[in-house]
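This report concerns only the one structure given below.
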Protein chains: 2
Amino acid sequence: MDRDRPAAWRTYIEASQRLFTRLEDDLRAASGLSFADYHVLVLLSEVPGHRLRMGELADRLVFSPSRLTYQISTMQRRGLVARQPCPQDRRGSEAVLTAAGLLALREAAPHHLHSVRTHLMDDLDDAEVACLTRIFTRLGRRLREADGGDATLATMPGDD
Amino acid sequence: MDRDRPAAWRTYIEASQRLFTRLEDDLRAASGLSFADYHVLVLLSEVPGHRLRMGELADRLVFSPSRLTYQISTMQRRGLVARQPCPQDRRGSEAVLTAAGLLALREAAPHHLHSVRTHLMDDLDDAEVACLTRIFTRLGRRLREADGGDATLATMPGDD
DNA sequence: AGCACCTACTTAAAATTTGAACAACAATGT
DNA sequence: ACATTGTTGTTCAAATTTTAAGTAGGTGCT
């Protein structure tokens, strides 16, 4: 079984790549939103006040700070979000969901969810969904922890 | 259970993003290769003659043609691959693995595999690996079919 | 207060990716 | 042979992303 693990990894990464590409194409065609746009809107819509600090948003999106700056700037130009100075900390700013942004999300969500169902979920039985959730919940938790704490790769075994 | 499926999807995509970022950082630190570089080297190393047509390589990498052109150009500059005209079809060219490229791969592989084990595989039990493989093998097959024959070929039971 | 050092975000320049247009060739029909 | 259409890969400009500085606030120490 141990020899199958590299194969498992490659299967996973290639199919994921294809899936992301496909879902992004669908989303863009249906709503004009990129994947990143959509995720920003979802995250903001879920949070009280519909606003998040830039840094917090970057963490959740797994984006670099400057990438988020650019991302929010373009969304701001399109009226999907606004940028406001943070009251507590005058260094910071917050991204705030606008009415137009919320509307765009409400418009796009059903298409996107349908797309996710079609391309991924409908093909999975309940046990597989459970397994997927379990694996990636655990993985996500571990990686988030590692990002904060000691992240170094353990010593290399001299295997070849 | 149906309400958990969007959550499952988001868990999966966020953890995947973190994982890819992490593995790429490790790979780059250990070998100076990007994820794309590494993947190109792996694909070429596995194929007879260590050469692939540009189009074929692009398909397997899930890259656009022009992105592959750029990717191969940079690898060519670094001596990891060479570009040769295709004998059968004078329109085409092939990417060929060089000795230096093969060496770079042999050098990088153990680090990378160790990284994959550390960040993903060691955390999964056998049942989870099996589940992961099953899900993404099926998904990959379905998406490849969808990408190719839009209407007529999609429903054909392909013999591979 | 004054000063060294963080932190949060932005900006600027370089690298990468995309998308449309292109050139070279192959395949097909006349 | 010759025009017609489809493939294969490249090129160029524009959009996106990364990397490296820069800016403006905060924090803590004396």
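Naming works like this for the structure tokens: A, B, ... for the chains as they're shown, residue 1 at the start of each chain, ligands 1 onward in shown order.
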
*Could you pull out all residues of stretch 11-96 of chain B with a DSSP call of strand (DSSP E) and give them as a ChimeraX atom specification?*
/B:51-53,81-85,93-96

Restricted to C-alpha atoms, what would the selected residues look like written as an mmCIF file, in the first residue's frame?
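Just written: selection.cif:
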data_model
loop_
_atom_site.group_PDB
_atom_site.id
_atom_site.type_symbol
_atom_site.label_atom_id
_atom_site.label_comp_id
_atom_site.auth_asym_id
_atom_site.auth_seq_id
_atom_site.Cartn_x
_atom_site.Cartn_y
_atom_site.Cartn_z
ATOM 1 C CA ARG B 51 10.510 13.498 -24.962
ATOM 2 C CA LEU B 52 6.977 14.762 -25.482
ATOM 3 C CA ARG B 53 5.213 16.905 -28.038
ATOM 4 C CA VAL B 81 15.243 20.528 -21.181
ATOM 5 C CA ALA B 82 15.955 20.995 -24.858
ATOM 6 C CA ARG B 83 13.601 21.781 -27.691
ATOM 7 C CA GLN B 84 13.763 19.727 -30.867
ATOM 8 C CA PRO B 85 11.747 19.836 -34.072
ATOM 9 C CA SER B 93 8.341 20.530 -31.593
ATOM 10 C CA GLU B 94 9.229 18.278 -28.734
ATOM 11 C CA ALA B 95 10.538 18.985 -25.272
ATOM 12 C CA VAL B 96 13.377 16.643 -24.441
#

Compile a residue-level contact table for chain C against chain A at a cut-off of 8 Å, reporting for every qualifying residue the shortest atom pair and its distance in Å to one decimal, with only C-alpha atoms (C1' of nucleotides) counted, rows ordered by chain and ascending number, as a tab-separated table.
residue	atom	partner	partner_atom	distance
C:DA8	C1'	A:Gly92	CA	5.5
C:DC9	C1'	A:Gly92	CA	6.6
C:DT10	C1'	A:Thr69	CA	7.5

*Find the residue from A:Val40, A:Leu57, A:Leu80, A:Leu124 that sits nearest to A:Thr98; use only C-alpha atoms when measuring.*
A:Leu80

*asked:* Restricting the calculation to only C-alpha atoms (C1' of nucleotides): of A:Thr137, A:Ser115, A:Ser34, A:Ser45, which residue gets closest to chain D?
replied: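 That would be A:Ser34, the residue with the smallest distance to chain D.
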
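Remark: for chain B, the closest of the candidate residues A:Leu43, A:Ala104, A:Met75, A:Leu33 is A:Leu43 (distances computed over only C-alpha atoms).
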
*Once you count only C-alpha atoms, which residues of chain B turn out to be within 6 Å of chain A? Could you give them as a list in words?*
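For chain B, the answer reads Ala8, Thr11, Tyr12, Ala15, Thr133, Phe136, Thr137 and Gly140 of chain B.
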